[in-house]
Every structure is written in structure tokens, then in C-alpha cells.
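Coordinates from final.pdb are shown below (PDB, C-alpha atoms (C1' of nucleotides)).
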```pdb
ATOM      1  CA  MET A   1      90.627  83.219  73.537  1.00  0.00           C
ATOM      2  CA  SER A   2      92.850  84.021  76.458  1.00  0.00           C
ATOM      3  CA  SER A   3      94.302  81.486  78.829  1.00  0.00           C
ATOM      4  CA  PRO A   4      93.324  81.381  82.513  1.00  0.00           C
ATOM      5  CA  LEU A   5      95.215  83.357  85.125  1.00  0.00           C
ATOM      6  CA  ARG A   6      98.139  81.420  86.546  1.00  0.00           C
ATOM      7  CA  PRO A   7      98.870  80.734  90.234  1.00  0.00           C
ATOM      8  CA  ALA A   8     101.444  83.547  90.338  1.00  0.00           C
ATOM      9  CA  PHE A   9      98.599  86.042  89.869  1.00  0.00           C
ATOM     10  CA  TYR A  10      97.115  84.899  93.185  1.00  0.00           C
ATOM     11  CA  ASP A  11     100.427  84.662  95.013  1.00  0.00           C
ATOM     12  CA  ARG A  12     100.301  88.305  96.144  1.00  0.00           C
ATOM     13  CA  SER A  13      98.634  90.286  98.918  1.00  0.00           C
ATOM     14  CA  VAL A  14      94.982  89.248  99.022  1.00  0.00           C
ATOM     15  CA  VAL A  15      93.834  92.871  98.795  1.00  0.00           C
ATOM     16  CA  ALA A  16      95.859  93.386  95.624  1.00  0.00           C
ATOM     17  CA  VAL A  17      94.340  90.252  94.126  1.00  0.00           C
ATOM     18  CA  ALA A  18      90.823  91.314  95.158  1.00  0.00           C
ATOM     19  CA  ARG A  19      91.331  94.565  93.237  1.00  0.00           C
ATOM     20  CA  GLY A  20      92.943  92.811  90.308  1.00  0.00           C
ATOM     21  CA  LEU A  21      90.174  90.271  89.877  1.00  0.00           C
ATOM     22  CA  VAL A  22      87.536  92.940  89.277  1.00  0.00           C
ATOM     23  CA  GLY A  23      87.183  93.109  85.502  1.00  0.00           C
ATOM     24  CA  CYS A  24      88.319  89.523  84.965  1.00  0.00           C
ATOM     25  CA  VAL A  25      85.994  86.736  83.827  1.00  0.00           C
ATOM     26  CA  LEU A  26      84.662  83.782  85.796  1.00  0.00           C
ATOM     27  CA  GLN A  27      83.712  80.902  83.504  1.00  0.00           C
ATOM     28  CA  HIS A  28      82.114  77.515  84.088  1.00  0.00           C
ATOM     29  CA  GLY A  29      81.063  75.482  81.087  1.00  0.00           C
ATOM     30  CA  ASP A  30      79.218  77.705  78.621  1.00  0.00           C
ATOM     31  CA  SER A  31      78.322  80.272  81.246  1.00  0.00           C
ATOM     32  CA  SER A  32      80.539  83.187  82.180  1.00  0.00           C
ATOM     33  CA  GLY A  33      80.437  86.640  83.671  1.00  0.00           C
ATOM     34  CA  LEU A  34      82.604  89.670  84.287  1.00  0.00           C
ATOM     35  CA  ILE A  35      83.642  89.989  87.923  1.00  0.00           C
ATOM     36  CA  VAL A  36      82.251  93.303  89.202  1.00  0.00           C
ATOM     37  CA  GLU A  37      82.539  92.831  92.969  1.00  0.00           C
ATOM     38  CA  THR A  38      84.991  91.075  95.301  1.00  0.00           C
ATOM     39  CA  GLU A  39      85.976  90.984  98.962  1.00  0.00           C
ATOM     40  CA  ALA A  40      89.336  90.153 100.538  1.00  0.00           C
ATOM     41  CA  TYR A  41      89.732  87.871 103.566  1.00  0.00           C
ATOM     42  CA  HIS A  42      92.951  87.205 105.450  1.00  0.00           C
ATOM     43  CA  GLN A  43      93.815  84.902 108.342  1.00  0.00           C
ATOM     44  CA  THR A  44      94.975  87.855 110.451  1.00  0.00           C
ATOM     45  CA  GLU A  45      91.446  89.307 110.772  1.00  0.00           C
ATOM     46  CA  ALA A  46      88.496  87.671 112.525  1.00  0.00           C
ATOM     47  CA  ALA A  47      86.030  87.713 109.624  1.00  0.00           C
ATOM     48  CA  CYS A  48      88.159  85.210 107.704  1.00  0.00           C
ATOM     49  CA  HIS A  49      87.355  81.523 108.111  1.00  0.00           C
ATOM     50  CA  ALA A  50      91.107  80.903 108.323  1.00  0.00           C
ATOM     51  CA  TYR A  51      91.300  83.055 111.462  1.00  0.00           C
ATOM     52  CA  VAL A  52      90.680  79.925 113.594  1.00  0.00           C
ATOM     53  CA  GLY A  53      93.642  78.183 112.029  1.00  0.00           C
ATOM     54  CA  LEU A  54      93.959  74.996 110.040  1.00  0.00           C
ATOM     55  CA  THR A  55      90.878  72.774 110.345  1.00  0.00           C
ATOM     56  CA  ALA A  56      89.048  70.394 108.041  1.00  0.00           C
ATOM     57  CA  ARG A  57      86.876  73.264 106.880  1.00  0.00           C
ATOM     58  CA  THR A  58      89.697  75.724 106.273  1.00  0.00           C
ATOM     59  CA  SER A  59      92.299  73.404 104.782  1.00  0.00           C
ATOM     60  CA  THR A  60      91.547  74.660 101.264  1.00  0.00           C
ATOM     61  CA  LEU A  61      92.286  78.222 102.358  1.00  0.00           C
ATOM     62  CA  PHE A  62      95.783  77.186 103.337  1.00  0.00           C
ATOM     63  CA  GLY A  63      96.390  75.476 100.016  1.00  0.00           C
ATOM     64  CA  ALA A  64      97.965  76.635  96.774  1.00  0.00           C
ATOM     65  CA  PRO A  65      97.171  80.092  95.355  1.00  0.00           C
ATOM     66  CA  GLY A  66      94.754  79.882  92.442  1.00  0.00           C
ATOM     67  CA  THR A  67      92.605  77.202  94.088  1.00  0.00           C
ATOM     68  CA  ALA A  68      88.826  77.531  94.433  1.00  0.00           C
ATOM     69  CA  TYR A  69      87.463  77.602  97.978  1.00  0.00           C
ATOM     70  CA  VAL A  70      83.750  76.804  97.859  1.00  0.00           C
ATOM     71  CA  TYR A  71      81.734  76.545 101.076  1.00  0.00           C
ATOM     72  CA  ARG A  72      78.102  76.468 102.155  1.00  0.00           C
ATOM     73  CA  SER A  73      76.639  79.601 103.649  1.00  0.00           C
ATOM     74  CA  TYR A  74      73.512  79.750 105.819  1.00  0.00           C
ATOM     75  CA  GLY A  75      72.934  76.097 105.030  1.00  0.00           C
ATOM     76  CA  ILE A  76      71.701  76.973 101.570  1.00  0.00           C
ATOM     77  CA  HIS A  77      74.103  78.843  99.348  1.00  0.00           C
ATOM     78  CA  ALA A  78      77.490  77.960  97.888  1.00  0.00           C
ATOM     79  CA  LEU A  79      79.991  80.830  97.917  1.00  0.00           C
ATOM     80  CA  VAL A  80      83.117  80.810  95.773  1.00  0.00           C
ATOM     81  CA  ASN A  81      86.521  82.255  96.617  1.00  0.00           C
ATOM     82  CA  ALA A  82      89.952  82.330  95.011  1.00  0.00           C
ATOM     83  CA  VAL A  83      92.704  81.199  97.391  1.00  0.00           C
ATOM     84  CA  CYS A  84      95.546  83.740  97.550  1.00  0.00           C
ATOM     85  CA  GLU A  85      99.031  84.275  98.925  1.00  0.00           C
ATOM     86  CA  GLY A  86     101.459  81.484  99.547  1.00  0.00           C
ATOM     87  CA  HIS A  87     100.949  77.974 100.736  1.00  0.00           C
ATOM     88  CA  ASP A  88     100.372  77.952 104.530  1.00  0.00           C
ATOM     89  CA  VAL A  89      98.842  81.441 104.442  1.00  0.00           C
ATOM     90  CA  GLY A  90      95.046  81.423 104.828  1.00  0.00           C
ATOM     91  CA  ALA A  91      93.667  84.091 102.489  1.00  0.00           C
ATOM     92  CA  ALA A  92      91.052  84.276  99.761  1.00  0.00           C
ATOM     93  CA  VAL A  93      89.012  86.615  97.591  1.00  0.00           C
ATOM     94  CA  LEU A  94      85.238  86.144  97.729  1.00  0.00           C
ATOM     95  CA  ILE A  95      83.631  86.677  94.339  1.00  0.00           C
ATOM     96  CA  ARG A  96      80.409  88.552  95.093  1.00  0.00           C
ATOM     97  CA  ALA A  97      78.865  89.577  91.779  1.00  0.00           C
ATOM     98  CA  LEU A  98      79.169  89.176  88.023  1.00  0.00           C
ATOM     99  CA  GLU A  99      77.950  90.982  84.946  1.00  0.00           C
ATOM    100  CA  PRO A 100      76.531  88.088  82.897  1.00  0.00           C
ATOM    101  CA  LEU A 101      78.370  87.560  79.610  1.00  0.00           C
ATOM    102  CA  THR A 102      77.623  84.151  78.055  1.00  0.00           C
ATOM    103  CA  GLY A 103      75.304  81.211  78.606  1.00  0.00           C
ATOM    104  CA  LEU A 104      72.522  83.584  79.620  1.00  0.00           C
ATOM    105  CA  ASP A 105      69.656  81.185  78.968  1.00  0.00           C
ATOM    106  CA  ALA A 106      71.241  78.467  81.095  1.00  0.00           C
ATOM    107  CA  MET A 107      71.693  81.017  83.886  1.00  0.00           C
ATOM    108  CA  ARG A 108      68.082  82.123  83.584  1.00  0.00           C
ATOM    109  CA  ALA A 109      66.925  78.523  83.829  1.00  0.00           C
ATOM    110  CA  ARG A 110      69.041  77.792  86.901  1.00  0.00           C
ATOM    111  CA  ARG A 111      68.053  81.037  88.585  1.00  0.00           C
ATOM    112  CA  ARG A 112      64.414  80.878  87.466  1.00  0.00           C
ATOM    113  CA  ARG A 113      64.607  84.541  86.701  1.00  0.00           C
ATOM    114  CA  ASP A 114      64.905  86.487  83.468  1.00  0.00           C
ATOM    115  CA  GLY A 115      66.331  89.892  84.335  1.00  0.00           C
ATOM    116  CA  LEU A 116      70.046  90.270  83.626  1.00  0.00           C
ATOM    117  CA  GLU A 117      70.531  92.161  86.880  1.00  0.00           C
ATOM    118  CA  GLU A 118      68.970  89.342  88.919  1.00  0.00           C
ATOM    119  CA  LEU A 119      71.193  86.543  87.636  1.00  0.00           C
ATOM    120  CA  CYS A 120      74.544  87.106  89.350  1.00  0.00           C
ATOM    121  CA  SER A 121      74.151  90.155  91.627  1.00  0.00           C
ATOM    122  CA  GLY A 122      75.148  88.340  94.814  1.00  0.00           C
ATOM    123  CA  PRO A 123      77.584  85.642  95.946  1.00  0.00           C
ATOM    124  CA  GLY A 124      74.889  82.980  96.283  1.00  0.00           C
ATOM    125  CA  LYS A 125      73.151  84.023  93.094  1.00  0.00           C
ATOM    126  CA  LEU A 126      76.202  83.739  90.872  1.00  0.00           C
ATOM    127  CA  THR A 127      77.070  80.242  92.073  1.00  0.00           C
ATOM    128  CA  GLN A 128      73.535  79.154  91.304  1.00  0.00           C
ATOM    129  CA  ALA A 129      73.639  80.838  87.897  1.00  0.00           C
ATOM    130  CA  LEU A 130      76.965  79.189  86.960  1.00  0.00           C
ATOM    131  CA  ALA A 131      76.147  75.833  88.607  1.00  0.00           C
ATOM    132  CA  ILE A 132      79.075  76.136  91.023  1.00  0.00           C
ATOM    133  CA  GLY A 133      78.664  73.589  93.807  1.00  0.00           C
ATOM    134  CA  LEU A 134      80.669  72.354  96.765  1.00  0.00           C
ATOM    135  CA  GLU A 135      82.201  69.646  94.594  1.00  0.00           C
ATOM    136  CA  LEU A 136      84.383  72.366  93.050  1.00  0.00           C
ATOM    137  CA  ASN A 137      86.017  73.123  96.384  1.00  0.00           C
ATOM    138  CA  ALA A 138      89.800  72.709  96.132  1.00  0.00           C
ATOM    139  CA  SER A 139      89.719  72.590  92.329  1.00  0.00           C
ATOM    140  CA  SER A 140      92.170  74.620  90.251  1.00  0.00           C
ATOM    141  CA  LEU A 141      91.009  77.941  88.808  1.00  0.00           C
ATOM    142  CA  GLN A 142      93.611  77.566  86.089  1.00  0.00           C
ATOM    143  CA  THR A 143      92.851  74.098  84.735  1.00  0.00           C
ATOM    144  CA  GLY A 144      89.156  74.112  85.572  1.00  0.00           C
ATOM    145  CA  PRO A 145      86.424  73.130  85.248  1.00  0.00           C
ATOM    146  CA  LEU A 146      85.899  76.491  86.927  1.00  0.00           C
ATOM    147  CA  ARG A 147      88.269  79.100  85.505  1.00  0.00           C
ATOM    148  CA  VAL A 148      89.214  82.751  85.852  1.00  0.00           C
ATOM    149  CA  LEU A 149      90.243  84.501  82.647  1.00  0.00           C
ATOM    150  CA  PRO A 150      92.023  87.848  82.237  1.00  0.00           C
ATOM    151  CA  ARG A 151      90.116  91.033  81.567  1.00  0.00           C
ATOM    152  CA  PRO A 152      88.847  90.912  77.962  1.00  0.00           C
ATOM    153  CA  ASP A 153      90.788  93.064  75.521  1.00  0.00           C
ATOM    154  CA  ASP A 154      87.706  95.067  74.615  1.00  0.00           C
ATOM    155  CA  ARG A 155      87.051  96.034  78.226  1.00  0.00           C
ATOM    156  CA  LEU A 156      88.465  99.098  79.908  1.00  0.00           C
ATOM    157  CA  GLN A 157      90.046  98.741  83.294  1.00  0.00           C
ATOM    158  CA  PRO A 158      87.119  99.491  85.647  1.00  0.00           C
ATOM    159  CA  ALA A 159      87.092 102.311  88.186  1.00  0.00           C
ATOM    160  CA  LEU A 160      86.921 100.694  91.621  1.00  0.00           C
ATOM    161  CA  VAL A 161      85.062 101.670  94.760  1.00  0.00           C
ATOM    162  CA  ALA A 162      86.340 100.402  98.118  1.00  0.00           C
ATOM    163  CA  SER A 163      83.830  99.943 100.919  1.00  0.00           C
ATOM    164  CA  GLU A 164      83.160  97.806 103.980  1.00  0.00           C
ATOM    165  CA  ARG A 165      82.484  94.094 103.610  1.00  0.00           C
ATOM    166  CA  ILE A 166      78.950  92.753 103.766  1.00  0.00           C
ATOM    167  CA  GLY A 167      77.272  90.458 106.243  1.00  0.00           C
ATOM    168  CA  ILE A 168      80.063  90.126 108.782  1.00  0.00           C
ATOM    169  CA  SER A 169      80.236  91.177 112.425  1.00  0.00           C
ATOM    170  CA  LYS A 170      83.970  91.028 113.074  1.00  0.00           C
ATOM    171  CA  ALA A 171      86.576  93.263 111.475  1.00  0.00           C
ATOM    172  CA  ALA A 172      83.684  94.946 109.667  1.00  0.00           C
ATOM    173  CA  GLU A 173      85.502  98.255 109.438  1.00  0.00           C
ATOM    174  CA  LEU A 174      88.105  97.136 106.906  1.00  0.00           C
ATOM    175  CA  PRO A 175      87.431  98.629 103.439  1.00  0.00           C
ATOM    176  CA  TRP A 176      88.074  95.357 101.651  1.00  0.00           C
ATOM    177  CA  ARG A 177      85.034  95.214  99.400  1.00  0.00           C
ATOM    178  CA  PHE A 178      85.829  96.275  95.846  1.00  0.00           C
ATOM    179  CA  SER A 179      83.263  96.953  93.160  1.00  0.00           C
ATOM    180  CA  VAL A 180      82.951  98.574  89.764  1.00  0.00           C
ATOM    181  CA  ALA A 181      81.870 102.171  90.259  1.00  0.00           C
ATOM    182  CA  GLY A 182      78.251 102.589  89.237  1.00  0.00           C
ATOM    183  CA  SER A 183      77.735  99.011  88.024  1.00  0.00           C
ATOM    184  CA  ARG A 184      74.145  97.778  87.936  1.00  0.00           C
ATOM    185  CA  TYR A 185      75.316  94.226  88.549  1.00  0.00           C
ATOM    186  CA  VAL A 186      76.748  94.534  92.068  1.00  0.00           C
ATOM    187  CA  SER A 187      75.024  93.052  95.126  1.00  0.00           C
ATOM    188  CA  ARG A 188      72.980  94.794  97.793  1.00  0.00           C
ATOM    189  CA  PRO A 189      73.496  96.882  99.745  1.00  0.00           C
ATOM    190  CA  ARG A 190      75.020  98.891  96.935  1.00  0.00           C
ATOM    191  CA  PRO A 191      78.343 100.562  97.572  1.00  0.00           C
ATOM    192  CA  PRO A 192      78.581 104.308  96.981  1.00  0.00           C
ATOM    193  CA  GLY A 193      78.086 105.198  93.303  1.00  0.00           C
ATOM    194  CA  ARG A 194      80.682 106.833  91.128  1.00  0.00           C
ATOM    195  CA  ALA A 195      79.544 110.361  91.938  1.00  0.00           C
ATOM    196  CA  ALA A 196      79.532 109.738  95.685  1.00  0.00           C
ATOM    197  CA  TRP A 197      82.873 108.058  95.359  1.00  0.00           C
ATOM    198  CA  ALA A 198      84.376 111.068  93.569  1.00  0.00           C
ATOM    199  CA  ALA A 199      82.928 113.440  96.164  1.00  0.00           C
ATOM    200  CA  ALA A 200      84.229 111.398  99.084  1.00  0.00           C
ATOM    201  CA  ARG A 201      87.608 111.125  97.445  1.00  0.00           C
ATOM    202  CA  ALA A 202      87.808 114.892  96.953  1.00  0.00           C
ATOM    203  CA  ALA A 203      86.746 115.469 100.563  1.00  0.00           C
ATOM    204  CA  SER A 204      89.460 113.234 101.917  1.00  0.00           C
ATOM    205  CA  ALA A 205      92.171 113.989  99.404  1.00  0.00           C
ATOM    206  CA  GLY A 206      95.533 112.690 100.475  1.00  0.00           C
ATOM    207  CA  ARG A 207      94.215 110.046 102.818  1.00  0.00           C
ATOM    208  CA  ALA A 208      95.443 106.531 102.091  1.00  0.00           C
ATOM    209  CA  ASP A 209      92.423 104.241 102.176  1.00  0.00           C
ATOM    210  CA  GLY A 210      92.917 102.071  99.130  1.00  0.00           C
ATOM    211  CA  SER A 211      89.868 103.436  97.364  1.00  0.00           C
ATOM    212  CA  THR A 212      91.359 104.581  94.085  1.00  0.00           C
ATOM    213  CA  GLY A 213      91.133 102.777  90.781  1.00  0.00           C
ATOM    214  CA  SER A 214      94.053 102.533  88.377  1.00  0.00           C
TER     215      SER A 214
ATOM    216  C1'  DC B   1      77.310  64.857 122.036  1.00  0.00           C
ATOM    217  C1'  DA B   2      74.520  69.445 121.873  1.00  0.00           C
ATOM    218  C1'  DT B   3      74.464  73.871 120.496  1.00  0.00           C
ATOM    219  C1'  DG B   4      74.878  78.110 117.982  1.00  0.00           C
ATOM    220  C1'  DG B   5      76.266  80.998 114.477  1.00  0.00           C
ATOM    221  C1'  DG B   6      76.874  82.310 110.044  1.00  0.00           C
ATOM    222  C1'  DA B   7      81.099  85.862 103.854  1.00  0.00           C
ATOM    223  C1'  DT B   8      72.542  84.912 101.909  1.00  0.00           C
ATOM    224  C1'  DT B   9      68.355  85.140  99.543  1.00  0.00           C
ATOM    225  C1'  DG B  10      63.554  85.761  98.581  1.00  0.00           C
ATOM    226  C1'  DA B  11      58.986  86.184 100.262  1.00  0.00           C
ATOM    227  C1'  DC B  12      56.154  88.844 102.924  1.00  0.00           C
ATOM    228  C1'  DT B  13      54.378  93.027 106.080  1.00  0.00           C
TER     229       DT B  13
ATOM    230  C1'  DG C   1      62.132  96.433 107.212  1.00  0.00           C
ATOM    231  C1'  DT C   2      61.509  91.590 109.056  1.00  0.00           C
ATOM    232  C1'  DC C   3      62.126  86.724 108.916  1.00  0.00           C
ATOM    233  C1'  DA C   4      62.463  81.740 107.820  1.00  0.00           C
ATOM    234  C1'  DA C   5      64.929  78.167 105.295  1.00  0.00           C
ATOM    235  C1'  DT C   6      68.651  74.818 106.134  1.00  0.00           C
ATOM    236  C1'  DC C   7      73.573  72.622 106.675  1.00  0.00           C
ATOM    237  C1'  DC C   8      78.317  72.526 108.086  1.00  0.00           C
ATOM    238  C1'  DC C   9      81.412  72.691 111.556  1.00  0.00           C
ATOM    239  C1'  DA C  10      83.821  74.978 115.576  1.00  0.00           C
ATOM    240  C1'  DT C  11      83.299  75.173 120.210  1.00  0.00           C
ATOM    241  C1'  DG C  12      82.183  73.795 124.828  1.00  0.00           C
ATOM    242  C1'  DC C  13      80.347  70.753 128.324  1.00  0.00           C
TER     243       DC C  13
END
```

How would this structure read if it were set down as C-alpha cells?
Amino acid sequence: MSSPLRPAFYDRSVVAVARGLVGCVLQHGDSSGLIVETEAYHQTEAACHAYVGLTARTSTLFGAPGTAYVYRSYGIHALVNAVCEGHDVGAAVLIRALEPLTGLDAMRARRRRDGLEELCSGPGKLTQALAIGLELNASSLQTGPLRVLPRPDDRLQPALVASERIGISKAAELPWRFSVAGSRYVSRPRPPGRAAWAAARAASAGRADGSTGS
DNA sequence: CATGGGATTGACT
DNA sequence: GTCAATCCCATGC
């Protein structure tokens, strides 16, 4: 058993945290999954809720690093983020997809679906699968009940693909979506696969676009 | 106080 | 591919 990531992990550039969280584990009760897709949001770009400044809705985003920011999307879904960077900086990593690890039957019951790839392959799906509701907004990701654990020892560091964020209209060009290359558990639309990623990387060798793994 | 726009999903054509 | 469901809240009159 490893202990949850501490606030210092989140007290870094939100893009660095978004990359670092891929491969870690999100756990709530008996259910957990490996994070395979994230997106970074920062107050300096218009797609971030914190762009409008400090309001009742965004107050969590300006709170302590390592806090959960949970909000309702499209009136229906709860989406979960990890608050990053220092106090007074509005930034967070949206957790978009998980590879289911434990508590599979409970996830299947909550999702009313059986297929492993249908349980957590989207930001609204994974909150339903793990029973993450708005009541967890502003809770600590270190002390729980919702926790983020380090990458399991038996897991290799995943190769990452960087692509554009999903479902936004502003600042859509930033390549701040990070996913495990070739994973079957990422959300739609799928980012470029590992082969396409390697080809694109070779074609633009030398260009700094934050798309490499490591 | 009224309005409109979402960091989505699933059902249907 | 298209579209409705459904709620919070920021914005504007």
C-alpha cells in the first residue's frame, strides 16, 4: 500500500502535474482506476473556469493544491479535477479517463454497463463509476475520502500523447490533453495512437510542443 | 430577475 | 452524425 500524493506534488505548473498524474491511481472506497487521460486548465487561458476570477463557483480552484474541484457539467454530470499550483492561483487538472482496477462490480452496477472499456472512458463516466459527487468538492485528495495514489510499482511509466483539449471553444489550440499512447480506456474522440504519435514526432523533430513521454 | 452557455453522454437517424 | 436531457452560475438588463 502506498500513501496518497501530498500537496507538494500539485504545487507545480499545472501542465507538469497533468503529465505526472497519468499513471497514478484515483481511488474512492473500494473502487479505483489508473489515470490514463488528463487535461490542464489555468486561469490565464479562457477555457479555465478560473479565467473569470474568484467567484462562488471558482473559489475551490483558488484553494490549496491537492484539493478536489468537482462541478456539474451540462446539468447532468459531475467532473473531477485536482487543484494545482499555489494558493491564489486558479489552476486544475481535469481527470478524463481511468483504466478500471478494483471494485469492478460496483462500477458496473453504478454505470449499468458491463464492458471494462465503458466504465470510466470519459470524465462523466468515471465519476459515476466511482460514485464521485458534488459533495466531494473542496475535499482533500490526500486525506480522502477521494484519494490519488502514486503510480503502482508494477506499472511502467506510460508513454504520453499530447493533443488538444476536448469540448471547449476558447483556447482550444493548446495541446494540454495528455493520454496514455494507445490505451483502450481513453475517452472519445481518441487522441492519435502510438504509431501516429511516433510518426508525427519524427516529422516535427526538434519542435518543442510538450508531446514527449519520459 | 431572465437568459444563455457549457471541461458530456447515450439514444437515435 | 445529430440531438435532447438538465442544472449551476456568470452576465446583462

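In this structure, the chain C residues at most 9 Å away from chain A are DA5, DT6, DC7, DC8, DC9 and DA10 of chain C, with all atoms listed in the file considered.
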
If you count only C-alpha atoms (C1' of nucleotides), the residue of A:Gly182, A:Gly124, A:Gly133, A:Gly33 closest to chain B turns out to be A:Gly124

Could you write out as number ranges by chain the residues that the PyMOL selection byres ((chain B) within 12 of (chain A)) matches in the shown file? B: 5-10

Could you tell me how far CA of Pro152 (chain A) sits from CA of Trp176 (chain A), in Å to one decimal place?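 Distance reported for this atom pair: 24.1 Å.
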
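This file, queried with the PyMOL selection byres ((chain C and resi 2) around 12), gives the residues DA11, DC12 and DT13 of chain B; DG1, DC3 and DA4 of chain C.
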
Mind checking which residues fall within 12 Å of Ser179 (chain A), counting only C-alpha atoms (C1' of nucleotides), ignoring those fewer than 3 positions away in the same chain, and posting them as a PDB file with C-alpha atoms, keeping the file's coordinate frame?
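The resulting file, out_31.pdb, is shown below:
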```pdb
ATOM      1  CA  ALA A  18      90.823  91.314  95.158  1.00  0.00           C
ATOM      2  CA  ARG A  19      91.331  94.565  93.237  1.00  0.00           C
ATOM      3  CA  GLY A  20      92.943  92.811  90.308  1.00  0.00           C
ATOM      4  CA  LEU A  21      90.174  90.271  89.877  1.00  0.00           C
ATOM      5  CA  VAL A  22      87.536  92.940  89.277  1.00  0.00           C
ATOM      6  CA  GLY A  23      87.183  93.109  85.502  1.00  0.00           C
ATOM      7  CA  LEU A  34      82.604  89.670  84.287  1.00  0.00           C
ATOM      8  CA  ILE A  35      83.642  89.989  87.923  1.00  0.00           C
ATOM      9  CA  VAL A  36      82.251  93.303  89.202  1.00  0.00           C
ATOM     10  CA  GLU A  37      82.539  92.831  92.969  1.00  0.00           C
ATOM     11  CA  THR A  38      84.991  91.075  95.301  1.00  0.00           C
ATOM     12  CA  GLU A  39      85.976  90.984  98.962  1.00  0.00           C
ATOM     13  CA  ALA A  40      89.336  90.153 100.538  1.00  0.00           C
ATOM     14  CA  LEU A  94      85.238  86.144  97.729  1.00  0.00           C
ATOM     15  CA  ILE A  95      83.631  86.677  94.339  1.00  0.00           C
ATOM     16  CA  ARG A  96      80.409  88.552  95.093  1.00  0.00           C
ATOM     17  CA  ALA A  97      78.865  89.577  91.779  1.00  0.00           C
ATOM     18  CA  LEU A  98      79.169  89.176  88.023  1.00  0.00           C
ATOM     19  CA  GLU A  99      77.950  90.982  84.946  1.00  0.00           C
ATOM     20  CA  SER A 121      74.151  90.155  91.627  1.00  0.00           C
ATOM     21  CA  GLY A 122      75.148  88.340  94.814  1.00  0.00           C
ATOM     22  CA  PRO A 158      87.119  99.491  85.647  1.00  0.00           C
ATOM     23  CA  ALA A 159      87.092 102.311  88.186  1.00  0.00           C
ATOM     24  CA  LEU A 160      86.921 100.694  91.621  1.00  0.00           C
ATOM     25  CA  VAL A 161      85.062 101.670  94.760  1.00  0.00           C
ATOM     26  CA  ALA A 162      86.340 100.402  98.118  1.00  0.00           C
ATOM     27  CA  SER A 163      83.830  99.943 100.919  1.00  0.00           C
ATOM     28  CA  GLU A 164      83.160  97.806 103.980  1.00  0.00           C
ATOM     29  CA  ARG A 165      82.484  94.094 103.610  1.00  0.00           C
ATOM     30  CA  PRO A 175      87.431  98.629 103.439  1.00  0.00           C
ATOM     31  CA  TRP A 176      88.074  95.357 101.651  1.00  0.00           C
ATOM     32  CA  GLY A 182      78.251 102.589  89.237  1.00  0.00           C
ATOM     33  CA  SER A 183      77.735  99.011  88.024  1.00  0.00           C
ATOM     34  CA  ARG A 184      74.145  97.778  87.936  1.00  0.00           C
ATOM     35  CA  TYR A 185      75.316  94.226  88.549  1.00  0.00           C
ATOM     36  CA  VAL A 186      76.748  94.534  92.068  1.00  0.00           C
ATOM     37  CA  SER A 187      75.024  93.052  95.126  1.00  0.00           C
ATOM     38  CA  ARG A 188      72.980  94.794  97.793  1.00  0.00           C
ATOM     39  CA  PRO A 189      73.496  96.882  99.745  1.00  0.00           C
ATOM     40  CA  ARG A 190      75.020  98.891  96.935  1.00  0.00           C
ATOM     41  CA  PRO A 191      78.343 100.562  97.572  1.00  0.00           C
ATOM     42  CA  PRO A 192      78.581 104.308  96.981  1.00  0.00           C
ATOM     43  CA  GLY A 193      78.086 105.198  93.303  1.00  0.00           C
ATOM     44  CA  ARG A 194      80.682 106.833  91.128  1.00  0.00           C
ATOM     45  CA  TRP A 197      82.873 108.058  95.359  1.00  0.00           C
ATOM     46  CA  SER A 211      89.868 103.436  97.364  1.00  0.00           C
ATOM     47  CA  THR A 212      91.359 104.581  94.085  1.00  0.00           C
ATOM     48  CA  GLY A 213      91.133 102.777  90.781  1.00  0.00           C
TER      49      GLY A 213
END
```

Region 72-82 of chain A rebuilt with N, CA, C and O atoms, output as a JSON list (two decimals), in the frame of the given file:
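Output (rebuild_22.json):
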```
[["chain", "number", "residue", "atom", "x", "y", "z"],
["A", 72, "ARG", "N", 79.54, 76.23, 102.03],
["A", 72, "ARG", "CA", 78.10, 76.47, 102.16],
["A", 72, "ARG", "C", 77.83, 77.56, 103.17],
["A", 72, "ARG", "O", 78.42, 77.58, 104.25],
["A", 73, "SER", "N", 76.96, 78.47, 102.79],
["A", 73, "SER", "CA", 76.64, 79.60, 103.65],
["A", 73, "SER", "C", 75.16, 79.55, 104.03],
["A", 73, "SER", "O", 74.31, 79.30, 103.19],
["A", 74, "TYR", "N", 74.88, 79.76, 105.31],
["A", 74, "TYR", "CA", 73.51, 79.75, 105.82],
["A", 74, "TYR", "C", 72.79, 78.46, 105.46],
["A", 74, "TYR", "O", 71.57, 78.45, 105.30],
["A", 75, "GLY", "N", 73.54, 77.38, 105.31],
["A", 75, "GLY", "CA", 72.93, 76.10, 105.03],
["A", 75, "GLY", "C", 72.35, 75.95, 103.66],
["A", 75, "GLY", "O", 71.83, 74.88, 103.31],
["A", 76, "ILE", "N", 72.42, 76.98, 102.84],
["A", 76, "ILE", "CA", 71.70, 76.97, 101.57],
["A", 76, "ILE", "C", 72.59, 77.29, 100.38],
["A", 76, "ILE", "O", 72.54, 76.59, 99.37],
["A", 77, "HIS", "N", 73.38, 78.32, 100.50],
["A", 77, "HIS", "CA", 74.10, 78.84, 99.35],
["A", 77, "HIS", "C", 75.55, 78.38, 99.30],
["A", 77, "HIS", "O", 76.18, 78.19, 100.32],
["A", 78, "ALA", "N", 76.07, 78.23, 98.08],
["A", 78, "ALA", "CA", 77.49, 77.96, 97.89],
["A", 78, "ALA", "C", 78.15, 79.29, 97.53],
["A", 78, "ALA", "O", 77.67, 80.02, 96.67],
["A", 79, "LEU", "N", 79.26, 79.59, 98.21],
["A", 79, "LEU", "CA", 79.99, 80.83, 97.92],
["A", 79, "LEU", "C", 81.38, 80.46, 97.43],
["A", 79, "LEU", "O", 82.01, 79.55, 97.97],
["A", 80, "VAL", "N", 81.84, 81.17, 96.39],
["A", 80, "VAL", "CA", 83.12, 80.81, 95.77],
["A", 80, "VAL", "C", 84.18, 81.87, 96.00],
["A", 80, "VAL", "O", 83.92, 83.07, 95.91],
["A", 81, "ASN", "N", 85.36, 81.39, 96.36],
["A", 81, "ASN", "CA", 86.52, 82.26, 96.62],
["A", 81, "ASN", "C", 87.72, 81.78, 95.81],
["A", 81, "ASN", "O", 87.79, 80.60, 95.43],
["A", 82, "ALA", "N", 88.67, 82.69, 95.61],
["A", 82, "ALA", "CA", 89.95, 82.33, 95.01],
["A", 82, "ALA", "C", 91.01, 82.38, 96.10],
["A", 82, "ALA", "O", 91.23, 83.43, 96.71]]
```
